[in-house]
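Peer 1: Provided herewith is a single structure, encoded as structure tokens, for subsequent inquiry.
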Amino acid sequence: MTTIDTTAITVELPEAFDPRWSRLPGIRVDGRRLSIDPVQYFFRFESNSWLVADWELVRTQLLEADETTESAVEQLALGFIKTHAESTTDAARVLATAYEVYAYLFREEHLAGLGLAQITADHLRMLREAATLMALNKVELDGHISNVSPCWFFPAATSVVFDLDDETGGMLDEVYHGGWFNEHRRIEAIKAHAALGGRLVHGCQSVPDQSGGVVAPYGASMAAFRDGLAQFKAGWIDRVYAHRVTAAA
């Protein structure tokens with residue numbers, strides 16, 4: 001039986017995270033330094049290896065690559081992953097890579113042309129932070145969901161950390177997995193997620209379902225992934241919401 005390393009994960013990121021992440025068990029925030037105790041933080045932690053590629057390589061070699069009639073963007077991403085991605089047990093590296101991915105995908109220059117007046121620069125910061133933490137979640141090639149954290153359940157986690165109401169938390173969730181609701185942003189997301197070794201997949205039909213998502217390797221069994229979600233999500237969502245801070249009467 002393989003023993004999983006549960007040593008504390010510590011990373012220094014370019015941006016200070018909201019200190020309210022410490023409301024969730026196992027997370028400590030000290031400015032730009034983020035520390036995670038895997039035993040306290042994860043609901044399920046069966047794997048401490050992840051697939052990552054160097055963000056600078058993604059930025060310089062993949063982001064500007066154009067698909068053709070013979071090579072779709074998904075093929076470009078898969079080819080890049082096969083050539084450049086490597087397995088790592090360094091969770092701090094995963095988080096640092098994820099931060100670069102989501103700093104790119106949720107950058108403020110998008111705000112002016114989105115037609116989503118309700119999305120603010122502060123919302124983009126929330127998305128960057130939550131999505132960075134979600135990168136530690138993991139699904140295997142056979143579709144088994146091996147790592148599940150509170151940040152699997154995006155609206156629940158953001159409601160706890162950022163004091164969001166259900167409507168706003170759901171709106172952020174849709175922006176997270178919806179690729180900004182247009183093809184240009186979806187293509188950006190496919191390319192950028194190559195740095196995390198796969199593609200963003202989610203199990204929900206819409207906001208009320210709240211089945212969350214993960215960056216899954218290409219080729220992972222989506223049928224097994226769907227069945228796994230159905231088995232675990234309800235009880236763990238309730239445990240996330242239990243950490244909500246309620247206003248004093």
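FYI, nothing fancy with the structure tokens labels: chains A, B, ... in order, residues from 1 per chain, ligands from 1 as they appear.
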Quick one: residues within 8 Å of Phe45 of chain A, only C-alpha atoms counted, chain neighbours fewer than 3 positions away excluded, as a PyMOL selection string?

Peer 2: chain A and resi 4+38-39+42+48+146-148

Peer 1: Using only N, CA and C atoms, please write the residues we just selected to a file, as a tab-separated table (two decimals), in the first residue's frame.

Peer 2:
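The result, written out as out-v8.tsv:
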```tsv
chain	number	residue	atom	x	y	z
A	4	ILE	N	0.81	8.04	1.49
A	4	ILE	CA	0.70	9.39	0.93
A	4	ILE	C	1.38	10.39	1.87
A	38	PRO	N	-2.66	19.01	4.68
A	38	PRO	CA	-3.51	18.10	3.88
A	38	PRO	C	-4.48	17.27	4.72
A	39	VAL	N	-4.05	16.88	5.92
A	39	VAL	CA	-4.91	16.03	6.76
A	39	VAL	C	-6.18	16.77	7.15
A	42	PHE	N	-8.19	18.37	3.21
A	42	PHE	CA	-8.85	17.55	2.20
A	42	PHE	C	-9.91	16.64	2.80
A	48	ASN	N	-0.55	12.32	-4.02
A	48	ASN	CA	0.23	13.56	-3.90
A	48	ASN	C	1.18	13.72	-5.08
A	146	SER	N	-9.55	11.19	-6.83
A	146	SER	CA	-8.60	10.83	-5.76
A	146	SER	C	-8.40	11.93	-4.73
A	147	ASN	N	-8.47	13.19	-5.13
A	147	ASN	CA	-8.30	14.30	-4.19
A	147	ASN	C	-9.52	15.21	-4.24
A	148	VAL	N	-10.11	15.45	-3.08
A	148	VAL	CA	-11.28	16.34	-3.00
A	148	VAL	C	-11.07	17.30	-1.83
```

Peer 1: Please identify all polymer residues within 8 Å of Ile237 of chain A, counting only C-alpha atoms, omitting same-chain residues fewer than 6 positions from it, and present them as an MDAnalysis selection string.

Peer 2: chainID A and resid 150 153 156

Peer 1: If we count only C-alpha atoms and set the cut-off at 9 Å, which residues sit around Ile81 of chain A, ignoring sequence neighbours fewer than 4 positions away in its own chain? Please answer as a list in words.

Peer 2: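 Non-adjacent residues within range: Leu51, Val52, Ala53, Leu76, Ala77, Ala85, Glu86, Ala194, Ala195, Leu196, Gly197 and Gly198 of chain A.
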
Peer 1: Report as a list in words all protein, DNA and RNA residues lying within 7 Å of Thr132 of chain A, evaluated on only C-alpha atoms, omitting residues in the same chain fewer than 5 positions from it.

Peer 2: Leu95, Ala98, Tyr99 and Tyr102 of chain A

Peer 1: Give me, as a tab-separated table, each residue of segment 36-105 of chain A that comes within 7 Å of segment 21-32 of chain A, together with its shortest interatomic pair and the distance in Å at one decimal, counting only C-alpha atoms, with rows ordered by chain and rising residue number.

Peer 2:
```
residue	atom	partner	partner_atom	distance
A:Ile36	CA	A:Ile27	CA	4.7
A:Asp37	CA	A:Gly26	CA	4.7
A:Pro38	CA	A:Gly26	CA	6.8
A:Gln40	CA	A:Gly26	CA	4.6
A:Tyr41	CA	A:Gly26	CA	4.4
```

Peer 1: Go ahead and save the residues from that selection, with all heavy atoms, as a PDB file, in the first residue's frame.

Peer 2:
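out-v4.pdb was written with the following content:
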```
ATOM      1  N   ILE A  36      -1.016  24.830   3.821  1.00  0.00           N
ATOM      2  CA  ILE A  36      -2.136  23.893   3.836  1.00  0.00           C
ATOM      3  C   ILE A  36      -1.707  22.622   4.552  1.00  0.00           C
ATOM      4  O   ILE A  36      -0.675  22.032   4.228  1.00  0.00           O
ATOM      5  CB  ILE A  36      -2.591  23.544   2.403  1.00  0.00           C
ATOM      6  CG1 ILE A  36      -3.116  24.801   1.690  1.00  0.00           C
ATOM      7  CG2 ILE A  36      -3.656  22.459   2.415  1.00  0.00           C
ATOM      8  CD1 ILE A  36      -3.417  24.573   0.213  1.00  0.00           C
ATOM      9  N   ASP A  37      -2.514  22.207   5.520  1.00  0.00           N
ATOM     10  CA  ASP A  37      -2.327  20.918   6.185  1.00  0.00           C
ATOM     11  C   ASP A  37      -3.230  19.914   5.470  1.00  0.00           C
ATOM     12  O   ASP A  37      -4.458  19.972   5.615  1.00  0.00           O
ATOM     13  CB  ASP A  37      -2.709  21.029   7.657  1.00  0.00           C
ATOM     14  CG  ASP A  37      -2.581  19.698   8.401  1.00  0.00           C
ATOM     15  OD1 ASP A  37      -2.466  18.643   7.741  1.00  0.00           O
ATOM     16  OD2 ASP A  37      -2.621  19.713   9.640  1.00  0.00           O
ATOM     17  N   PRO A  38      -2.664  19.006   4.675  1.00  0.00           N
ATOM     18  CA  PRO A  38      -3.507  18.102   3.882  1.00  0.00           C
ATOM     19  C   PRO A  38      -4.478  17.268   4.717  1.00  0.00           C
ATOM     20  O   PRO A  38      -5.595  16.994   4.279  1.00  0.00           O
ATOM     21  CB  PRO A  38      -2.493  17.205   3.166  1.00  0.00           C
ATOM     22  CG  PRO A  38      -1.245  18.014   3.105  1.00  0.00           C
ATOM     23  CD  PRO A  38      -1.232  18.794   4.391  1.00  0.00           C
ATOM     24  N   GLN A  40      -6.054  18.034   7.507  1.00  0.00           N
ATOM     25  CA  GLN A  40      -7.218  18.819   7.909  1.00  0.00           C
ATOM     26  C   GLN A  40      -8.000  19.361   6.716  1.00  0.00           C
ATOM     27  O   GLN A  40      -9.226  19.487   6.771  1.00  0.00           O
ATOM     28  CB  GLN A  40      -6.777  19.990   8.783  1.00  0.00           C
ATOM     29  CG  GLN A  40      -6.181  19.615  10.109  1.00  0.00           C
ATOM     30  CD  GLN A  40      -5.868  20.843  10.939  1.00  0.00           C
ATOM     31  OE1 GLN A  40      -6.678  21.762  11.052  1.00  0.00           O
ATOM     32  NE2 GLN A  40      -4.670  20.868  11.522  1.00  0.00           N
ATOM     33  N   TYR A  41      -7.285  19.683   5.640  1.00  0.00           N
ATOM     34  CA  TYR A  41      -7.908  20.406   4.526  1.00  0.00           C
ATOM     35  C   TYR A  41      -8.722  19.512   3.599  1.00  0.00           C
ATOM     36  O   TYR A  41      -9.852  19.848   3.236  1.00  0.00           O
ATOM     37  CB  TYR A  41      -6.820  21.125   3.732  1.00  0.00           C
ATOM     38  CG  TYR A  41      -7.301  21.836   2.489  1.00  0.00           C
ATOM     39  CD1 TYR A  41      -8.172  22.928   2.579  1.00  0.00           C
ATOM     40  CD2 TYR A  41      -6.879  21.425   1.226  1.00  0.00           C
ATOM     41  CE1 TYR A  41      -8.617  23.576   1.431  1.00  0.00           C
ATOM     42  CE2 TYR A  41      -7.316  22.075   0.082  1.00  0.00           C
ATOM     43  CZ  TYR A  41      -8.187  23.144   0.197  1.00  0.00           C
ATOM     44  OH  TYR A  41      -8.633  23.777  -0.943  1.00  0.00           O
TER      45      TYR A  41
END
```

Peer 1: Could you tell me, as a list of chain:residue names, which residues of segment 40-218 of chain A DSSP assigns to strand (DSSP E) when given the backbone?

Peer 2: A:Arg44, A:Phe45, A:Trp50, A:Leu51, A:Val52, A:Glu86, A:Ser87, A:Thr88, A:Lys138, A:Val139, A:Ile145, A:Ser146, A:Asn147, A:Val148, A:Arg199, A:Leu200, A:Val201, A:His202, A:Gly213, A:Val214, A:Val215, A:Ala216

Peer 1: Would you please work out which residue, of A:Leu111, A:Val201, A:Leu127, A:Val101, is nearest to Gly219 of chain A when using only C-alpha atoms?

Peer 2: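 Selected residue with least distance to Gly219 of chain A: A:Val201.
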
Peer 1: Go through A:Ile190, A:Val11, A:Ala157, A:Val139 and flag the residue nearest Glu67 of chain A, using only C-alpha atoms for the distances.

Peer 2: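 Using only C-alpha atoms, Glu67 of chain A sits closest to A:Ile190.
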
Peer 1: When you draw a straight line from atom CA of Pro19 of chain A to atom CA of Ala117 of chain A, how long is it in Å?

Peer 2: 26.5 Å

Peer 1: Would you mind reading off the distance between atom CA of Leu34 of chain A and atom CA of Glu12 of chain A, one decimal, in Å?

Peer 2: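 Atom-to-atom, atom CA of Leu34 of chain A and atom CA of Glu12 of chain A are spaced 6.3 Å apart.
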
Peer 1: Considering only C-alpha atoms, return as a PyMOL selection string whatever protein or nucleic-acid residues lie within 7 Å of Leu63 of chain A, sequence-local ones (same chain, fewer than 5 positions apart) excluded.

Peer 2: chain A and resi 58+191-192

Peer 1: Against segment 103-109 of chain A, which residues of segment 143-244 of chain A fall within 12 Å? For each one I want the closest pair of atoms and the distance in Å (one decimal), counting only C-alpha atoms, rows by chain and increasing residue number, as a Markdown table.

Peer 2:
```
| residue | atom | partner | partner_atom | distance |
| --- | --- | --- | --- | --- |
| A:Leu172 | CA | A:Phe106 | CA | 11.2 |
| A:Val175 | CA | A:Phe106 | CA | 9.5 |
| A:Tyr176 | CA | A:Phe106 | CA | 8.8 |
| A:His177 | CA | A:Leu105 | CA | 11.3 |
| A:Gly178 | CA | A:Leu105 | CA | 11.7 |
| A:Gly179 | CA | A:Leu105 | CA | 8.7 |
| A:Trp180 | CA | A:Phe106 | CA | 9.3 |
| A:His184 | CA | A:Leu105 | CA | 11.3 |
| A:Arg185 | CA | A:Leu105 | CA | 8.0 |
| A:Arg186 | CA | A:Leu105 | CA | 9.8 |
| A:Ile187 | CA | A:Leu105 | CA | 10.6 |
| A:Glu188 | CA | A:Leu105 | CA | 7.3 |
| A:Ala189 | CA | A:Leu105 | CA | 6.7 |
| A:Ile190 | CA | A:Leu105 | CA | 10.3 |
| A:Lys191 | CA | A:Leu105 | CA | 10.2 |
| A:Ala192 | CA | A:Leu105 | CA | 7.6 |
| A:His193 | CA | A:Leu105 | CA | 9.5 |
| A:Ala195 | CA | A:Tyr104 | CA | 11.7 |
```

Peer 1: Write the residues you've just listed into a file as a compact mmCIF listing (two decimals), in the first residue's frame, and include N, CA, C and O atoms for each of them.

Peer 2:
```txt
# COMPACT_ATOMS: atom_id res chain seq x y z
N LEU A 172 -20.23 33.34 -9.91
CA LEU A 172 -18.79 33.14 -10.04
C LEU A 172 -18.48 31.72 -10.51
O LEU A 172 -17.57 31.51 -11.31
N VAL A 175 -18.92 31.55 -14.22
CA VAL A 175 -17.81 32.20 -14.93
C VAL A 175 -16.56 31.31 -14.88
O VAL A 175 -15.82 31.21 -15.85
N TYR A 176 -16.36 30.64 -13.74
CA TYR A 176 -15.20 29.75 -13.60
C TYR A 176 -15.22 28.64 -14.63
O TYR A 176 -14.26 28.44 -15.36
N HIS A 177 -16.30 27.90 -14.69
CA HIS A 177 -16.28 26.74 -15.58
C HIS A 177 -16.88 27.02 -16.95
O HIS A 177 -16.81 26.19 -17.85
N GLY A 178 -17.42 28.23 -17.14
CA GLY A 178 -18.06 28.54 -18.41
C GLY A 178 -17.18 29.18 -19.45
O GLY A 178 -17.63 29.52 -20.54
N GLY A 179 -15.89 29.37 -19.14
CA GLY A 179 -15.00 29.97 -20.11
C GLY A 179 -15.46 31.33 -20.60
O GLY A 179 -15.29 31.68 -21.76
N TRP A 180 -16.08 32.09 -19.69
CA TRP A 180 -16.61 33.41 -20.02
C TRP A 180 -17.76 33.33 -21.04
O TRP A 180 -18.13 34.31 -21.65
N HIS A 184 -13.97 32.18 -27.74
CA HIS A 184 -12.62 32.72 -27.62
C HIS A 184 -12.04 32.43 -26.24
O HIS A 184 -10.89 32.00 -26.11
N ARG A 185 -12.85 32.65 -25.20
CA ARG A 185 -12.37 32.39 -23.84
C ARG A 185 -12.20 30.90 -23.60
O ARG A 185 -11.31 30.47 -22.88
N ARG A 186 -13.06 30.07 -24.20
CA ARG A 186 -12.93 28.63 -24.03
C ARG A 186 -11.60 28.14 -24.62
O ARG A 186 -10.91 27.32 -24.00
N ILE A 187 -11.25 28.66 -25.78
CA ILE A 187 -9.99 28.28 -26.40
C ILE A 187 -8.81 28.71 -25.53
O ILE A 187 -7.85 27.97 -25.34
N GLU A 188 -8.89 29.91 -24.98
CA GLU A 188 -7.85 30.36 -24.04
C GLU A 188 -7.70 29.39 -22.88
O GLU A 188 -6.59 29.05 -22.47
N ALA A 189 -8.83 28.96 -22.34
CA ALA A 189 -8.82 28.09 -21.17
C ALA A 189 -8.21 26.73 -21.50
O ALA A 189 -7.47 26.16 -20.69
N ILE A 190 -8.53 26.19 -22.67
CA ILE A 190 -7.96 24.90 -23.06
C ILE A 190 -6.45 24.99 -23.13
O ILE A 190 -5.72 24.12 -22.62
N LYS A 191 -5.94 26.03 -23.75
CA LYS A 191 -4.49 26.20 -23.87
C LYS A 191 -3.85 26.39 -22.49
O LYS A 191 -2.84 25.76 -22.16
N ALA A 192 -4.42 27.28 -21.69
CA ALA A 192 -3.81 27.62 -20.41
C ALA A 192 -3.78 26.41 -19.47
O ALA A 192 -2.80 26.20 -18.73
N HIS A 193 -4.84 25.60 -19.51
CA HIS A 193 -4.90 24.46 -18.59
C HIS A 193 -3.90 23.36 -18.95
O HIS A 193 -3.69 22.43 -18.15
N ALA A 195 -0.90 23.75 -18.76
CA ALA A 195 0.10 23.89 -17.71
C ALA A 195 -0.21 23.02 -16.50
O ALA A 195 0.68 22.69 -15.71
```

Peer 1: Do a neighbour search on Leu164 of chain A at 12 Å with only C-alpha atoms, toss out local chain neighbours closer than 6 positions, and write the hits as a PyMOL selection string.

Peer 2: chain A and resi 123+126+154-158+170-173+241+244-246

Peer 1: Determine which residues of segment 9-248 of chain A receive a DSSP assignment of helix (DSSP H, G or I), computed from the backbone, and state them as a PDB file with C-alpha atoms, in the first residue's frame.

Peer 2:
```pdb
ATOM      1  CA  PRO A  19      -7.011  36.047   5.047  1.00  0.00           C
ATOM      2  CA  ARG A  20     -10.556  34.669   5.300  1.00  0.00           C
ATOM      3  CA  TRP A  21      -9.355  31.482   3.578  1.00  0.00           C
ATOM      4  CA  SER A  22      -8.315  30.541   7.100  1.00  0.00           C
ATOM      5  CA  ARG A  23     -11.991  29.955   7.856  1.00  0.00           C
ATOM      6  CA  PRO A  38      -3.507  18.102   3.882  1.00  0.00           C
ATOM      7  CA  VAL A  39      -4.914  16.028   6.760  1.00  0.00           C
ATOM      8  CA  GLN A  40      -7.218  18.819   7.909  1.00  0.00           C
ATOM      9  CA  TYR A  41      -7.908  20.406   4.526  1.00  0.00           C
ATOM     10  CA  TRP A  55       3.973  28.133 -17.504  1.00  0.00           C
ATOM     11  CA  GLU A  56       6.541  30.113 -19.484  1.00  0.00           C
ATOM     12  CA  LEU A  57       6.591  27.373 -22.103  1.00  0.00           C
ATOM     13  CA  VAL A  58       2.793  27.431 -22.272  1.00  0.00           C
ATOM     14  CA  ARG A  59       2.830  31.209 -22.546  1.00  0.00           C
ATOM     15  CA  THR A  60       5.448  31.386 -25.279  1.00  0.00           C
ATOM     16  CA  GLN A  61       4.722  28.232 -27.281  1.00  0.00           C
ATOM     17  CA  LEU A  62       1.027  27.410 -26.878  1.00  0.00           C
ATOM     18  CA  VAL A  73      -7.035  23.326 -30.158  1.00  0.00           C
ATOM     19  CA  GLU A  74      -7.585  20.254 -27.985  1.00  0.00           C
ATOM     20  CA  GLN A  75      -5.043  18.369 -30.105  1.00  0.00           C
ATOM     21  CA  LEU A  76      -2.569  21.217 -29.721  1.00  0.00           C
ATOM     22  CA  ALA A  77      -2.984  21.103 -25.942  1.00  0.00           C
ATOM     23  CA  LEU A  78      -2.704  17.315 -25.794  1.00  0.00           C
ATOM     24  CA  GLY A  79       0.432  17.335 -27.931  1.00  0.00           C
ATOM     25  CA  PHE A  80       1.984  20.003 -25.735  1.00  0.00           C
ATOM     26  CA  ILE A  81       1.187  18.020 -22.581  1.00  0.00           C
ATOM     27  CA  LYS A  82       2.701  14.844 -24.033  1.00  0.00           C
ATOM     28  CA  THR A  83       5.886  16.716 -24.914  1.00  0.00           C
ATOM     29  CA  HIS A  84       6.359  19.041 -21.967  1.00  0.00           C
ATOM     30  CA  ALA A  91       2.269  20.659  -4.350  1.00  0.00           C
ATOM     31  CA  ALA A  92       3.738  24.154  -3.988  1.00  0.00           C
ATOM     32  CA  ARG A  93       4.806  23.975  -7.640  1.00  0.00           C
ATOM     33  CA  VAL A  94       1.265  22.992  -8.614  1.00  0.00           C
ATOM     34  CA  LEU A  95      -0.188  25.957  -6.734  1.00  0.00           C
ATOM     35  CA  ALA A  96       2.378  28.378  -8.190  1.00  0.00           C
ATOM     36  CA  THR A  97       1.637  27.106 -11.706  1.00  0.00           C
ATOM     37  CA  ALA A  98      -2.104  27.307 -11.118  1.00  0.00           C
ATOM     38  CA  TYR A  99      -1.795  30.878  -9.939  1.00  0.00           C
ATOM     39  CA  GLU A 100      -0.155  31.825 -13.254  1.00  0.00           C
ATOM     40  CA  VAL A 101      -2.861  29.992 -15.207  1.00  0.00           C
ATOM     41  CA  TYR A 102      -5.696  31.780 -13.464  1.00  0.00           C
ATOM     42  CA  ALA A 103      -3.987  35.168 -13.313  1.00  0.00           C
ATOM     43  CA  TYR A 104      -3.988  34.880 -17.097  1.00  0.00           C
ATOM     44  CA  LEU A 105      -7.531  33.548 -17.534  1.00  0.00           C
ATOM     45  CA  GLU A 108      -8.896  42.494 -15.687  1.00  0.00           C
ATOM     46  CA  GLU A 109      -8.582  43.427 -19.350  1.00  0.00           C
ATOM     47  CA  HIS A 110     -11.520  41.092 -20.009  1.00  0.00           C
ATOM     48  CA  LEU A 111     -13.943  43.166 -17.952  1.00  0.00           C
ATOM     49  CA  ALA A 112     -14.627  45.902 -20.490  1.00  0.00           C
ATOM     50  CA  GLY A 113     -15.813  43.630 -23.277  1.00  0.00           C
ATOM     51  CA  ALA A 121     -12.146  43.214 -10.541  1.00  0.00           C
ATOM     52  CA  ASP A 122     -12.683  41.979  -6.992  1.00  0.00           C
ATOM     53  CA  HIS A 123     -14.681  39.044  -8.311  1.00  0.00           C
ATOM     54  CA  LEU A 124     -11.791  38.187 -10.621  1.00  0.00           C
ATOM     55  CA  ARG A 125      -9.462  38.128  -7.618  1.00  0.00           C
ATOM     56  CA  MET A 126     -11.820  35.704  -5.864  1.00  0.00           C
ATOM     57  CA  LEU A 127     -11.848  33.508  -8.953  1.00  0.00           C
ATOM     58  CA  ARG A 128      -8.040  33.520  -9.175  1.00  0.00           C
ATOM     59  CA  GLU A 129      -7.646  32.508  -5.554  1.00  0.00           C
ATOM     60  CA  ALA A 130     -10.303  29.780  -5.478  1.00  0.00           C
ATOM     61  CA  ALA A 131      -9.261  28.295  -8.827  1.00  0.00           C
ATOM     62  CA  THR A 132      -5.623  28.201  -7.708  1.00  0.00           C
ATOM     63  CA  LEU A 133      -6.582  26.059  -4.718  1.00  0.00           C
ATOM     64  CA  MET A 134      -8.786  23.831  -6.882  1.00  0.00           C
ATOM     65  CA  PRO A 150     -13.551  22.203   0.042  1.00  0.00           C
ATOM     66  CA  CYS A 151     -12.642  24.124  -3.128  1.00  0.00           C
ATOM     67  CA  TRP A 152     -14.158  21.335  -5.212  1.00  0.00           C
ATOM     68  CA  PHE A 154     -16.883  26.345  -5.679  1.00  0.00           C
ATOM     69  CA  PRO A 155     -20.034  28.247  -4.587  1.00  0.00           C
ATOM     70  CA  ALA A 156     -19.923  26.730  -1.101  1.00  0.00           C
ATOM     71  CA  ALA A 157     -16.245  27.538  -0.549  1.00  0.00           C
ATOM     72  CA  THR A 158     -16.491  31.085  -1.882  1.00  0.00           C
ATOM     73  CA  SER A 159     -19.603  31.768   0.200  1.00  0.00           C
ATOM     74  CA  VAL A 160     -17.664  30.808   3.329  1.00  0.00           C
ATOM     75  CA  VAL A 161     -14.490  32.721   2.488  1.00  0.00           C
ATOM     76  CA  PHE A 162     -15.903  35.845   0.841  1.00  0.00           C
ATOM     77  CA  ASP A 166     -25.866  32.062  -3.057  1.00  0.00           C
ATOM     78  CA  GLU A 167     -26.647  34.017  -6.220  1.00  0.00           C
ATOM     79  CA  THR A 168     -23.234  35.690  -6.391  1.00  0.00           C
ATOM     80  CA  GLY A 169     -21.394  32.485  -5.540  1.00  0.00           C
ATOM     81  CA  GLY A 170     -23.277  30.695  -8.292  1.00  0.00           C
ATOM     82  CA  MET A 171     -22.512  33.466 -10.765  1.00  0.00           C
ATOM     83  CA  LEU A 172     -18.786  33.142 -10.043  1.00  0.00           C
ATOM     84  CA  ASP A 173     -19.037  29.375 -10.444  1.00  0.00           C
ATOM     85  CA  GLU A 174     -20.529  29.755 -13.898  1.00  0.00           C
ATOM     86  CA  VAL A 175     -17.811  32.201 -14.926  1.00  0.00           C
ATOM     87  CA  TYR A 176     -15.197  29.754 -13.597  1.00  0.00           C
ATOM     88  CA  HIS A 177     -16.284  26.738 -15.584  1.00  0.00           C
ATOM     89  CA  GLY A 179     -14.996  29.975 -20.110  1.00  0.00           C
ATOM     90  CA  TRP A 180     -16.614  33.412 -20.018  1.00  0.00           C
ATOM     91  CA  PHE A 181     -19.485  31.964 -22.073  1.00  0.00           C
ATOM     92  CA  GLU A 183     -15.590  30.367 -27.746  1.00  0.00           C
ATOM     93  CA  HIS A 184     -12.617  32.722 -27.621  1.00  0.00           C
ATOM     94  CA  ARG A 185     -12.365  32.388 -23.844  1.00  0.00           C
ATOM     95  CA  ARG A 186     -12.933  28.630 -24.034  1.00  0.00           C
ATOM     96  CA  ILE A 187      -9.986  28.283 -26.403  1.00  0.00           C
ATOM     97  CA  GLU A 188      -7.851  30.361 -24.044  1.00  0.00           C
ATOM     98  CA  ALA A 189      -8.820  28.087 -21.167  1.00  0.00           C
ATOM     99  CA  ILE A 190      -7.964  24.895 -23.064  1.00  0.00           C
ATOM    100  CA  LYS A 191      -4.493  26.198 -23.865  1.00  0.00           C
ATOM    101  CA  ALA A 192      -3.811  27.617 -20.406  1.00  0.00           C
ATOM    102  CA  HIS A 193      -4.899  24.459 -18.592  1.00  0.00           C
ATOM    103  CA  ALA A 194      -2.185  22.515 -20.423  1.00  0.00           C
ATOM    104  CA  ALA A 195       0.100  23.892 -17.707  1.00  0.00           C
ATOM    105  CA  LEU A 196      -1.913  21.807 -15.246  1.00  0.00           C
ATOM    106  CA  VAL A 207     -25.470  26.512 -10.648  1.00  0.00           C
ATOM    107  CA  PRO A 208     -28.086  24.785  -8.440  1.00  0.00           C
ATOM    108  CA  ASP A 209     -26.489  21.371  -8.996  1.00  0.00           C
ATOM    109  CA  MET A 222     -16.023  10.835 -17.635  1.00  0.00           C
ATOM    110  CA  ALA A 223     -18.610   8.118 -16.879  1.00  0.00           C
ATOM    111  CA  ALA A 224     -16.686   7.007 -13.778  1.00  0.00           C
ATOM    112  CA  PHE A 225     -16.069  10.657 -12.861  1.00  0.00           C
ATOM    113  CA  ARG A 226     -19.809  11.381 -12.993  1.00  0.00           C
ATOM    114  CA  ASP A 227     -20.656   8.334 -10.892  1.00  0.00           C
ATOM    115  CA  GLY A 228     -18.026   9.229  -8.303  1.00  0.00           C
ATOM    116  CA  LEU A 229     -19.415  12.735  -7.932  1.00  0.00           C
ATOM    117  CA  ALA A 230     -22.902  11.400  -7.271  1.00  0.00           C
ATOM    118  CA  GLN A 231     -21.627   9.311  -4.377  1.00  0.00           C
ATOM    119  CA  PHE A 232     -19.807  11.913  -2.332  1.00  0.00           C
ATOM    120  CA  LYS A 233     -20.927  15.441  -2.935  1.00  0.00           C
ATOM    121  CA  ALA A 234     -23.935  16.103  -0.678  1.00  0.00           C
ATOM    122  CA  GLY A 235     -22.356  15.412   2.713  1.00  0.00           C
ATOM    123  CA  TRP A 236     -19.157  17.252   1.950  1.00  0.00           C
ATOM    124  CA  ILE A 237     -20.980  20.333   0.641  1.00  0.00           C
ATOM    125  CA  ASP A 238     -22.786  20.540   3.993  1.00  0.00           C
ATOM    126  CA  ARG A 239     -19.451  20.348   5.809  1.00  0.00           C
ATOM    127  CA  VAL A 240     -18.144  23.293   3.789  1.00  0.00           C
ATOM    128  CA  TYR A 241     -21.223  25.410   4.495  1.00  0.00           C
TER     129      TYR A 241
END
```

Peer 1: Would you work out the distance separating atom CA of Arg199 of chain A from atom CA of His144 of chain A, expressed in Å to one decimal?

Peer 2: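 So the answer is 15.8 Å.
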